[in-house]
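S.K.: Next comes final21.cif, mmCIF, C-alpha atoms:
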data_final
loop_
_atom_site.group_PDB
_atom_site.id
_atom_site.type_symbol
_atom_site.label_atom_id
_atom_site.label_comp_id
_atom_site.auth_asym_id
_atom_site.auth_seq_id
_atom_site.Cartn_x
_atom_site.Cartn_y
_atom_site.Cartn_z
ATOM 1 C CA MET A 301 207.398 140.644 55.810
ATOM 2 C CA THR A 302 206.622 144.238 54.893
ATOM 3 C CA ASP A 303 209.023 147.183 55.107
ATOM 4 C CA ASP A 304 206.994 148.517 58.052
ATOM 5 C CA ILE A 305 207.817 145.437 60.082
ATOM 6 C CA ARG A 306 211.512 145.295 59.065
ATOM 7 C CA HIS A 307 211.982 148.946 60.071
ATOM 8 C CA HIS A 308 211.017 148.346 63.714
ATOM 9 C CA ALA A 309 214.310 148.375 65.600
ATOM 10 C CA ASP A 310 212.985 146.516 68.630
ATOM 11 C CA PRO A 311 212.544 142.770 67.939
ATOM 12 C CA VAL A 312 209.537 142.641 70.264
ATOM 13 C CA ASP A 313 207.888 145.448 68.282
ATOM 14 C CA ARG A 314 208.635 143.496 65.111
ATOM 15 C CA VAL A 315 206.874 140.427 66.511
ATOM 16 C CA PHE A 316 203.796 142.461 67.519
ATOM 17 C CA GLU A 317 203.688 144.267 64.186
ATOM 18 C CA SER A 318 204.017 140.942 62.370
ATOM 19 C CA LYS A 319 201.070 139.539 64.332
ATOM 20 C CA LYS A 320 199.007 142.625 63.525
ATOM 21 C CA GLU A 321 199.779 142.217 59.860
ATOM 22 C CA TYR A 322 198.720 138.570 59.995
ATOM 23 C CA HIS A 323 195.348 139.539 61.495
ATOM 24 C CA ARG A 324 194.848 142.402 59.035
ATOM 25 C CA ASN A 325 195.525 140.017 56.142
ATOM 26 C CA ALA A 326 193.047 137.510 57.589
ATOM 27 C CA ALA A 327 190.451 140.296 57.679
ATOM 28 C CA LYS A 328 190.916 140.817 53.944
ATOM 29 C CA LEU A 329 190.201 137.200 52.945
ATOM 30 C CA PRO A 330 187.187 136.638 50.688
ATOM 31 C CA ILE A 331 184.006 136.085 52.693
ATOM 32 C CA GLU A 332 183.592 132.575 51.253
ATOM 33 C CA GLU A 333 187.031 131.617 52.611
ATOM 34 C CA LYS A 334 186.204 133.197 55.964
ATOM 35 C CA VAL A 335 183.034 131.114 56.218
ATOM 36 C CA ARG A 336 185.047 127.957 55.435
ATOM 37 C CA ILE A 337 187.418 128.870 58.306
ATOM 38 C CA LEU A 338 184.448 129.737 60.535
ATOM 39 C CA VAL A 339 183.014 126.235 60.140
ATOM 40 C CA GLU A 340 186.385 124.739 61.136
ATOM 41 C CA LEU A 341 186.423 127.020 64.202
ATOM 42 C CA GLN A 342 182.894 125.855 65.064
ATOM 43 C CA LYS A 343 184.035 122.205 64.919
ATOM 44 C CA ILE A 344 186.985 122.944 67.194
ATOM 45 C CA THR A 345 184.797 124.873 69.673
ATOM 46 C CA VAL A 346 182.186 122.117 69.865
ATOM 47 C CA ASN A 347 184.882 119.441 70.308
ATOM 48 C CA VAL A 348 186.622 121.396 73.052
ATOM 49 C CA ARG A 349 183.411 122.139 74.917
ATOM 50 C CA GLY A 350 182.144 118.560 74.565
ATOM 51 C CA LYS A 351 179.046 117.825 76.594
ATOM 52 C CA ASP A 352 178.601 121.484 77.522
ATOM 53 C CA ALA A 353 178.258 122.389 73.861
ATOM 54 C CA ALA A 354 175.699 119.655 73.284
ATOM 55 C CA LYS A 355 173.490 121.208 75.968
ATOM 56 C CA GLU A 356 173.682 124.557 74.251
ATOM 57 C CA THR A 357 172.152 125.523 70.956
ATOM 58 C CA ARG A 358 175.559 125.615 69.287
ATOM 59 C CA ARG A 359 175.662 123.518 66.180
ATOM 60 C CA VAL A 360 178.226 123.315 63.438
ATOM 61 C CA TRP A 361 176.851 124.694 60.198
ATOM 62 C CA GLN A 362 175.884 121.930 57.807
ATOM 63 C CA ILE A 363 176.818 123.593 54.538
ATOM 64 C CA ASP A 364 178.612 122.488 51.375
ATOM 65 C CA MET B 664 175.510 130.002 53.408
ATOM 66 C CA ASP B 665 174.428 130.909 49.882
ATOM 67 C CA LYS B 666 171.426 128.555 50.051
ATOM 68 C CA THR B 667 170.343 130.144 53.324
ATOM 69 C CA LEU B 668 170.628 133.624 51.840
ATOM 70 C CA VAL B 669 168.549 132.590 48.826
ATOM 71 C CA VAL B 670 165.748 131.590 51.219
ATOM 72 C CA ILE B 671 166.036 134.856 53.167
ATOM 73 C CA ASN B 672 165.919 136.838 49.919
ATOM 74 C CA GLU B 673 162.773 134.923 48.964
ATOM 75 C CA MET B 674 161.223 135.909 52.291
ATOM 76 C CA LEU B 675 162.046 139.542 51.523
ATOM 77 C CA GLN B 676 160.511 139.287 48.060
ATOM 78 C CA GLU B 677 157.368 137.757 49.524
ATOM 79 C CA GLY B 678 156.997 140.711 51.897
ATOM 80 C CA LEU B 679 157.570 138.903 55.195
ATOM 81 C CA PHE B 680 159.690 141.887 56.207
ATOM 82 C CA ARG B 681 160.402 145.239 54.602
ATOM 83 C CA LYS B 682 164.176 145.046 54.652
ATOM 84 C CA TYR B 683 166.908 142.929 56.200
ATOM 85 C CA ALA B 684 170.618 143.068 56.925
ATOM 86 C CA ILE B 685 173.139 140.626 58.329
ATOM 87 C CA GLY B 686 174.441 141.781 61.706
ATOM 88 C CA GLY B 687 176.109 140.183 64.728
ATOM 89 C CA GLY B 688 179.102 137.918 64.391
ATOM 90 C CA ILE B 689 178.491 137.045 60.744
ATOM 91 C CA GLY B 690 178.031 140.699 59.875
ATOM 92 C CA ALA B 691 181.392 141.295 61.536
ATOM 93 C CA LEU B 692 182.914 138.438 59.547
ATOM 94 C CA PHE B 693 182.582 140.530 56.400
ATOM 95 C CA TYR B 694 185.037 143.070 57.864
ATOM 96 C CA ILE B 695 187.348 141.314 60.343
ATOM 97 C CA GLU B 696 189.212 138.015 60.668
ATOM 98 C CA PRO B 697 187.158 134.843 61.274
ATOM 99 C CA MET B 698 186.102 134.178 64.881
ATOM 100 C CA ALA B 699 183.925 131.363 66.198
ATOM 101 C CA THR B 700 180.241 132.201 66.105
ATOM 102 C CA PHE B 701 177.225 129.990 65.512
ATOM 103 C CA ASP B 702 174.185 132.110 64.683
ATOM 104 C CA LEU B 703 173.343 134.029 61.563
ATOM 105 C CA ASP B 704 171.707 137.161 62.977
ATOM 106 C CA ILE B 705 169.323 138.810 60.558
ATOM 107 C CA PHE B 706 168.013 142.213 61.559
ATOM 108 C CA ILE B 707 164.657 142.803 59.921
ATOM 109 C CA VAL B 708 162.478 145.861 59.521
ATOM 110 C CA PRO B 709 159.171 144.143 60.215
ATOM 111 C CA VAL B 710 155.875 144.661 58.484
ATOM 112 C CA GLU B 711 153.615 146.295 61.020
ATOM 113 C CA GLU B 712 150.222 144.752 61.507
ATOM 114 C CA PRO B 713 147.070 146.784 62.190
ATOM 115 C CA GLY B 714 147.450 148.642 65.456
ATOM 116 C CA GLY B 715 151.205 148.922 65.034
ATOM 117 C CA LEU B 716 151.872 145.458 66.388
ATOM 118 C CA VAL B 717 154.914 143.527 65.262
ATOM 119 C CA SER B 718 154.459 139.809 64.868
ATOM 120 C CA LEU B 719 156.819 137.181 63.558
ATOM 121 C CA SER B 720 154.112 134.537 63.256
ATOM 122 C CA SER B 721 153.827 134.878 59.467
ATOM 123 C CA LEU B 722 157.576 134.432 59.219
ATOM 124 C CA TYR B 723 157.492 131.294 61.361
ATOM 125 C CA ASP B 724 154.503 129.950 59.404
ATOM 126 C CA TRP B 725 156.288 130.528 56.088
ATOM 127 C CA THR B 726 159.458 128.741 57.169
ATOM 128 C CA ALA B 727 157.554 125.888 58.820
ATOM 129 C CA LYS B 728 155.635 125.217 55.588
ATOM 130 C CA ARG B 729 158.985 124.775 53.847
ATOM 131 C CA GLY B 730 160.254 122.366 56.478
ATOM 132 C CA TYR B 731 162.640 124.718 58.249
ATOM 133 C CA ALA B 732 162.432 123.778 61.890
ATOM 134 C CA PRO B 733 162.445 126.291 64.707
ATOM 135 C CA ALA B 734 165.049 125.563 67.388
ATOM 136 C CA GLN B 735 164.409 127.727 70.424
ATOM 137 C CA GLU B 736 164.701 131.307 69.155
ATOM 138 C CA GLN B 737 166.328 130.288 65.882
ATOM 139 C CA ILE B 738 165.166 128.689 62.660
ATOM 140 C CA LEU B 739 167.378 126.137 60.978
ATOM 141 C CA ILE B 740 167.516 127.166 57.316
ATOM 142 C CA GLU B 741 169.626 125.092 54.933
ATOM 143 C CA GLY B 742 171.943 123.940 57.715
ATOM 144 C CA ILE B 743 172.411 127.297 59.433
ATOM 145 C CA PRO B 744 170.643 128.493 62.599
ATOM 146 C CA VAL B 745 169.140 131.852 61.724
ATOM 147 C CA GLN B 746 167.864 134.338 64.255
ATOM 148 C CA PHE B 747 165.485 136.970 62.927
ATOM 149 C CA ILE B 748 165.694 140.071 65.096
ATOM 150 C CA PRO B 749 163.155 142.843 64.512
ATOM 151 C CA THR B 750 164.882 146.218 64.680
ATOM 152 C CA TYR B 751 164.477 147.325 68.281
ATOM 153 C CA ASN B 752 165.676 150.926 68.310
ATOM 154 C CA ASP B 753 166.386 153.816 65.933
ATOM 155 C CA LEU B 754 170.073 152.946 65.658
ATOM 156 C CA VAL B 755 169.424 149.384 64.513
ATOM 157 C CA THR B 756 166.659 150.497 62.146
ATOM 158 C CA GLU B 757 169.027 153.009 60.556
ATOM 159 C CA ALA B 758 171.763 150.357 60.395
ATOM 160 C CA VAL B 759 169.445 148.128 58.364
ATOM 161 C CA THR B 760 168.190 150.864 56.068
ATOM 162 C CA GLN B 761 171.798 151.950 55.408
ATOM 163 C CA ALA B 762 173.097 148.390 54.908
ATOM 164 C CA VAL B 763 175.456 147.744 52.043
ATOM 165 C CA GLU B 764 174.661 145.315 49.233
ATOM 166 C CA MET B 765 177.223 142.512 48.959
ATOM 167 C CA LYS B 766 177.665 139.198 47.201
ATOM 168 C CA TYR B 767 178.179 135.809 48.799
ATOM 169 C CA LYS B 768 179.171 133.547 45.938
ATOM 170 C CA GLU B 769 176.570 134.594 43.356
ATOM 171 C CA VAL B 770 173.899 135.602 45.851
ATOM 172 C CA THR B 771 173.129 139.236 46.647
ATOM 173 C CA THR B 772 172.721 140.049 50.305
ATOM 174 C CA TYR B 773 172.750 143.042 52.647
ATOM 175 C CA VAL B 774 175.230 143.594 55.451
ATOM 176 C CA VAL B 775 175.263 146.212 58.198
ATOM 177 C CA ARG B 776 178.084 148.694 57.584
ATOM 178 C CA PRO B 777 181.051 148.363 59.953
ATOM 179 C CA GLU B 778 180.513 151.844 61.393
ATOM 180 C CA TYR B 779 176.975 150.864 62.456
ATOM 181 C CA LEU B 780 178.196 147.526 63.826
ATOM 182 C CA ILE B 781 180.623 149.469 66.031
ATOM 183 C CA ALA B 782 177.839 151.742 67.260
ATOM 184 C CA ILE B 783 175.585 148.752 68.014
ATOM 185 C CA MET B 784 178.432 147.016 69.863
ATOM 186 C CA LEU B 785 179.001 150.178 71.901
ATOM 187 C CA LYS B 786 175.310 150.424 72.698
ATOM 188 C CA THR B 787 175.122 146.769 73.743
ATOM 189 C CA SER B 788 178.489 146.828 75.547
ATOM 190 C CA ARG B 789 178.663 143.160 76.501
ATOM 191 C CA PRO B 790 182.264 141.994 77.071
ATOM 192 C CA LYS B 791 182.257 140.105 73.768
ATOM 193 C CA ASP B 792 180.996 143.221 71.950
ATOM 194 C CA LEU B 793 183.744 145.394 73.390
ATOM 195 C CA ASN B 794 186.354 142.745 72.539
ATOM 196 C CA ARG B 795 185.086 142.583 68.970
ATOM 197 C CA LEU B 796 184.980 146.369 68.800
ATOM 198 C CA GLY B 797 188.713 146.456 69.535
ATOM 199 C CA ILE B 798 189.328 144.036 66.686
ATOM 200 C CA PHE B 799 187.273 146.255 64.366
ATOM 201 C CA LEU B 800 189.488 149.198 65.235
ATOM 202 C CA ASP B 801 192.582 147.165 64.344
ATOM 203 C CA GLU B 802 191.338 145.417 61.221
ATOM 204 C CA ALA B 803 188.288 146.936 59.561
ATOM 205 C CA GLU B 804 188.433 149.630 56.929
ATOM 206 C CA LEU B 805 186.292 152.389 58.401
ATOM 207 C CA SER B 806 184.954 155.754 57.371
ATOM 208 C CA MET B 807 185.785 157.821 60.445
ATOM 209 C CA ASP B 808 183.499 160.598 59.158
ATOM 210 C CA LEU B 809 180.527 158.239 59.035
ATOM 211 C CA LEU B 810 181.448 156.654 62.369
ATOM 212 C CA ASN B 811 181.689 160.042 64.101
ATOM 213 C CA THR B 812 178.358 161.121 62.618
ATOM 214 C CA ILE B 813 176.652 157.977 63.943
ATOM 215 C CA LEU B 814 178.327 158.212 67.360
ATOM 216 C CA ASP B 815 177.310 161.868 67.724
ATOM 217 C CA LYS B 816 173.747 161.192 66.614
ATOM 218 C CA TYR B 817 173.226 158.383 69.111
ATOM 219 C CA GLY B 818 175.182 159.858 72.028
ATOM 220 C CA LEU B 819 177.945 157.256 71.896
ATOM 221 C CA LYS B 820 180.946 159.487 71.287
ATOM 222 C CA SER B 821 182.197 159.674 74.880
ATOM 223 C CA ALA B 822 181.924 155.881 75.323
ATOM 224 C CA PHE B 823 183.865 155.381 72.103
ATOM 225 C CA ASP B 824 186.542 157.912 73.072
ATOM 226 C CA LYS B 825 186.983 156.199 76.440
ATOM 227 C CA ILE B 826 187.534 152.823 74.766
ATOM 228 C CA ARG B 827 190.059 154.320 72.368
ATOM 229 C CA LYS B 828 191.877 156.035 75.227
ATOM 230 C CA ASP B 829 191.959 152.823 77.291
ATOM 231 C CA ARG B 830 193.410 150.936 74.308
ATOM 232 C CA HIS B 831 196.002 153.639 73.741
ATOM 233 C CA ASP B 832 197.046 153.651 77.400
ATOM 234 C CA ARG B 833 197.592 149.890 77.485
#
Can the structure from this file be put into structure tokens for me?

M.R.:
Amino acid sequence: MTDDIRHHADPVDRVFESKKEYHRNAAKLPIEEKVRILVELQKITVNVRGKDAAKETRRVWQID
Amino acid sequence: MDKTLVVINEMLQEGLFRKYAIGGGIGALFYIEPMATFDLDIFIVPVEEPGGLVSLSSLYDWTAKRGYAPAQEQILIEGIPVQFIPTYNDLVTEAVTQAVEMKYKEVTTYVVRPEYLIAIMLKTSRPKDLNRLGIFLDEAELSMDLLNTILDKYGLKSAFDKIRKDRHDR
């Protein structure tokens, strides 16, 4: 947790600031790691959408 | 994705288009956290044929000869559905010509700058674009000077200011 987050007096503000920091850190990941995560997100999306996804052109990337 | 980019670079070298840049959701991925998206959108500055016509037939012929199958408006290249989108207005053409060179693994590629992605999202203004635009404002490292220049040039400043104000008021 950074000093910025600790210095928020309101606990709710601290939670929101912590979430923002999490997202900002995710944005700074190397692109190769982001693509690895993207493929996992694609798998989840296709599984959740089931038959609907199969009708669409959405396909999980087949990469190494 | 590196194998796909190698193929796209080969297409560039063979003159199937004059320039390209990654845009859309994968372009955004270079600047913000990962979000589910399925297409690799490649903006291309096409080679004009006699009479000023733009045709993608040579591109489709080239990929077909190498066994890359078209699937509706996409072409499946090394496991990734790629959509080639000829630049369709001055903003997108400028976004491609001003794209930044980046590396994916060891492969050189070109990615639309985040400031241009924001302008394109504003211009398109679909709900998913505006949602992604908000994430850009939270997460991407931006040159506000460049962004303001682009927004002024393409008449998007008031739309951008409204979105910022709405976010601030929430």

S.K.: To verify the selection step, state as a PyMOL selection string which residues the PyMOL selection byres ((chain A) within 10 of (chain B)) yields on this input.

M.R.: chain A and resi 320-345+357-364

S.K.: Okay, now the selection with C-alpha atoms, as a PDB file, in the coordinates of the input?

M.R.:
ATOM      1  CA  LYS A 320     199.007 142.625  63.525  1.00  0.00           C
ATOM      2  CA  GLU A 321     199.779 142.217  59.860  1.00  0.00           C
ATOM      3  CA  TYR A 322     198.720 138.570  59.995  1.00  0.00           C
ATOM      4  CA  HIS A 323     195.348 139.539  61.495  1.00  0.00           C
ATOM      5  CA  ARG A 324     194.848 142.402  59.035  1.00  0.00           C
ATOM      6  CA  ASN A 325     195.525 140.017  56.142  1.00  0.00           C
ATOM      7  CA  ALA A 326     193.047 137.510  57.589  1.00  0.00           C
ATOM      8  CA  ALA A 327     190.451 140.296  57.679  1.00  0.00           C
ATOM      9  CA  LYS A 328     190.916 140.817  53.944  1.00  0.00           C
ATOM     10  CA  LEU A 329     190.201 137.200  52.945  1.00  0.00           C
ATOM     11  CA  PRO A 330     187.187 136.638  50.688  1.00  0.00           C
ATOM     12  CA  ILE A 331     184.006 136.085  52.693  1.00  0.00           C
ATOM     13  CA  GLU A 332     183.592 132.575  51.253  1.00  0.00           C
ATOM     14  CA  GLU A 333     187.031 131.617  52.611  1.00  0.00           C
ATOM     15  CA  LYS A 334     186.204 133.197  55.964  1.00  0.00           C
ATOM     16  CA  VAL A 335     183.034 131.114  56.218  1.00  0.00           C
ATOM     17  CA  ARG A 336     185.047 127.957  55.435  1.00  0.00           C
ATOM     18  CA  ILE A 337     187.418 128.870  58.306  1.00  0.00           C
ATOM     19  CA  LEU A 338     184.448 129.737  60.535  1.00  0.00           C
ATOM     20  CA  VAL A 339     183.014 126.235  60.140  1.00  0.00           C
ATOM     21  CA  GLU A 340     186.385 124.739  61.136  1.00  0.00           C
ATOM     22  CA  LEU A 341     186.423 127.020  64.202  1.00  0.00           C
ATOM     23  CA  GLN A 342     182.894 125.855  65.064  1.00  0.00           C
ATOM     24  CA  LYS A 343     184.035 122.205  64.919  1.00  0.00           C
ATOM     25  CA  ILE A 344     186.985 122.944  67.194  1.00  0.00           C
ATOM     26  CA  THR A 345     184.797 124.873  69.673  1.00  0.00           C
ATOM     27  CA  THR A 357     172.152 125.523  70.956  1.00  0.00           C
ATOM     28  CA  ARG A 358     175.559 125.615  69.287  1.00  0.00           C
ATOM     29  CA  ARG A 359     175.662 123.518  66.180  1.00  0.00           C
ATOM     30  CA  VAL A 360     178.226 123.315  63.438  1.00  0.00           C
ATOM     31  CA  TRP A 361     176.851 124.694  60.198  1.00  0.00           C
ATOM     32  CA  GLN A 362     175.884 121.930  57.807  1.00  0.00           C
ATOM     33  CA  ILE A 363     176.818 123.593  54.538  1.00  0.00           C
ATOM     34  CA  ASP A 364     178.612 122.488  51.375  1.00  0.00           C
TER      35      ASP A 364
END

S.K.: Determine the nearest neighbour of Ser721 (chain B) from the options B:Met807, B:Leu679, B:Ile781, B:Ile748, counting only C-alpha atoms.

M.R.: B:Leu679

S.K.: What is the distance between CA of Val775 (chain B) and CA of Val717 (chain B), in Å to one decimal?

M.R.: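 Taking CA of Val775 (chain B) as the start and CA of Val717 (chain B) as the end point, the length is 21.7 Å.
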
S.K.: Excluding same-chain residues fewer than 6 positions from Ala758 (chain B), what lies within 9 Å of it counting all atoms listed in the file, as a PyMOL selection string?

M.R.: chain B and resi 684+775-776+778-780+783

S.K.: Could you jot down the CA of Leu810 (chain B) to CA of Lys319 (chain A) separation for me, Å, one decimal place?

M.R.: 26.1 Å

S.K.: With all atoms listed in the file as the counted atoms, please give the residues lying no more than 12 Å from Asn672 (chain B), apart from itself and same-chain residues fewer than 6 positions off, as a short mmCIF file (atom, residue, chain, number, x, y, z; two decimals) with C-alpha atoms, keeping the file's coordinate frame.

M.R.:
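Done, and the output landed in selection-v2.cif:
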data_model
loop_
_atom_site.label_atom_id
_atom_site.label_comp_id
_atom_site.auth_asym_id
_atom_site.auth_seq_id
_atom_site.Cartn_x
_atom_site.Cartn_y
_atom_site.Cartn_z
CA ASP B 665 174.43 130.91 49.88
CA LYS B 666 171.43 128.56 50.05
CA GLY B 678 157.00 140.71 51.90
CA LEU B 679 157.57 138.90 55.20
CA PHE B 680 159.69 141.89 56.21
CA ARG B 681 160.40 145.24 54.60
CA LYS B 682 164.18 145.05 54.65
CA TYR B 683 166.91 142.93 56.20
CA ALA B 684 170.62 143.07 56.92
CA ILE B 685 173.14 140.63 58.33
CA ILE B 705 169.32 138.81 60.56
CA ILE B 707 164.66 142.80 59.92
CA VAL B 770 173.90 135.60 45.85
CA THR B 771 173.13 139.24 46.65
CA THR B 772 172.72 140.05 50.30
CA TYR B 773 172.75 143.04 52.65
#

S.K.: Which residues, named as in the file, does the PyMOL selection byres ((chain B and resi 754-756) around 8) pick out? Answer as a list in words.

M.R.: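 Applying the PyMOL selection byres ((chain B and resi 754-756) around 8) to the structure shown produces Phe706, Val708, Thr750, Tyr751, Asn752, Asp753, Glu757, Ala758, Val759, Thr760, Tyr779, Ile783 and Tyr817 of chain B.
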
S.K.: On this file, the PyMOL selection byres ((chain B and resi 722) around 10) gives some set of residues; write that set as a tab-separated table (two decimals) with C-alpha atoms, keeping the file's coordinate frame.

M.R.:
chain	number	residue	atom	x	y	z
B	674	MET	CA	161.22	135.91	52.29
B	678	GLY	CA	157.00	140.71	51.90
B	679	LEU	CA	157.57	138.90	55.20
B	680	PHE	CA	159.69	141.89	56.21
B	709	PRO	CA	159.17	144.14	60.22
B	718	SER	CA	154.46	139.81	64.87
B	719	LEU	CA	156.82	137.18	63.56
B	720	SER	CA	154.11	134.54	63.26
B	721	SER	CA	153.83	134.88	59.47
B	723	TYR	CA	157.49	131.29	61.36
B	724	ASP	CA	154.50	129.95	59.40
B	725	TRP	CA	156.29	130.53	56.09
B	726	THR	CA	159.46	128.74	57.17
B	727	ALA	CA	157.55	125.89	58.82
B	747	PHE	CA	165.48	136.97	62.93

S.K.: How many Å lie between CA of Met784 (chain B) and CA of Gly818 (chain B), rounded to one decimal?

M.R.: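 So the two atoms, CA of Met784 (chain B) and CA of Gly818 (chain B), lie 13.4 Å apart.
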
S.K.: Write out as a PyMOL selection string which residues come within 12 Å of Arg827 (chain B) when counting only C-alpha atoms, dropping same-chain ones fewer than 2 positions away.

M.R.: chain B and resi 785+793+796-801+820-825+829-833

S.K.: Could you write those residues out with C-alpha atoms, as a JSON list (two decimals), in the frame of the given file?

M.R.:
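File produced: result-v3.json:
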[["chain", "number", "residue", "atom", "x", "y", "z"],
["B", 785, "LEU", "CA", 179.00, 150.18, 71.90],
["B", 793, "LEU", "CA", 183.74, 145.39, 73.39],
["B", 796, "LEU", "CA", 184.98, 146.37, 68.80],
["B", 797, "GLY", "CA", 188.71, 146.46, 69.54],
["B", 798, "ILE", "CA", 189.33, 144.04, 66.69],
["B", 799, "PHE", "CA", 187.27, 146.26, 64.37],
["B", 800, "LEU", "CA", 189.49, 149.20, 65.24],
["B", 801, "ASP", "CA", 192.58, 147.16, 64.34],
["B", 820, "LYS", "CA", 180.95, 159.49, 71.29],
["B", 821, "SER", "CA", 182.20, 159.67, 74.88],
["B", 822, "ALA", "CA", 181.92, 155.88, 75.32],
["B", 823, "PHE", "CA", 183.86, 155.38, 72.10],
["B", 824, "ASP", "CA", 186.54, 157.91, 73.07],
["B", 825, "LYS", "CA", 186.98, 156.20, 76.44],
["B", 829, "ASP", "CA", 191.96, 152.82, 77.29],
["B", 830, "ARG", "CA", 193.41, 150.94, 74.31],
["B", 831, "HIS", "CA", 196.00, 153.64, 73.74],
["B", 832, "ASP", "CA", 197.05, 153.65, 77.40],
["B", 833, "ARG", "CA", 197.59, 149.89, 77.48]]

S.K.: Some atoms are absent from region 315-329 of chain A, so rebuild N, CA and C atoms and return them as a compact mmCIF listing (two decimals), in the coordinates of the input.

M.R.:
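Contents of the output file selection.txt:
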# COMPACT_ATOMS: atom_id res chain seq x y z
N VAL A 315 207.77 141.58 66.32
CA VAL A 315 206.87 140.43 66.51
C VAL A 315 205.42 140.91 66.58
N PHE A 316 205.17 141.96 67.38
CA PHE A 316 203.80 142.46 67.52
C PHE A 316 203.27 143.00 66.19
N GLU A 317 204.13 143.71 65.46
CA GLU A 317 203.69 144.27 64.19
C GLU A 317 203.40 143.15 63.19
N SER A 318 204.22 142.08 63.26
CA SER A 318 204.02 140.94 62.37
C SER A 318 202.67 140.26 62.65
N LYS A 319 202.36 140.14 63.96
CA LYS A 319 201.07 139.54 64.33
C LYS A 319 199.91 140.41 63.83
N LYS A 320 200.07 141.73 63.99
CA LYS A 320 199.01 142.62 63.52
C LYS A 320 198.80 142.47 62.02
N GLU A 321 199.90 142.36 61.31
CA GLU A 321 199.78 142.22 59.86
C GLU A 321 199.07 140.91 59.49
N TYR A 322 199.38 139.86 60.23
CA TYR A 322 198.72 138.57 60.00
C TYR A 322 197.20 138.71 60.15
N HIS A 323 196.79 139.38 61.24
CA HIS A 323 195.35 139.54 61.50
C HIS A 323 194.69 140.45 60.45
N ARG A 324 195.41 141.50 60.06
CA ARG A 324 194.85 142.40 59.04
C ARG A 324 194.67 141.66 57.71
N ASN A 325 195.64 140.80 57.38
CA ASN A 325 195.52 140.02 56.14
C ASN A 325 194.36 139.03 56.22
N ALA A 326 194.17 138.44 57.41
CA ALA A 326 193.05 137.51 57.59
C ALA A 326 191.72 138.24 57.41
N ALA A 327 191.68 139.50 57.82
CA ALA A 327 190.45 140.30 57.68
C ALA A 327 190.12 140.56 56.22
N LYS A 328 191.13 140.50 55.36
CA LYS A 328 190.92 140.82 53.94
C LYS A 328 190.59 139.59 53.10
N LEU A 329 190.54 138.41 53.71
CA LEU A 329 190.20 137.20 52.94
C LEU A 329 188.80 137.32 52.34
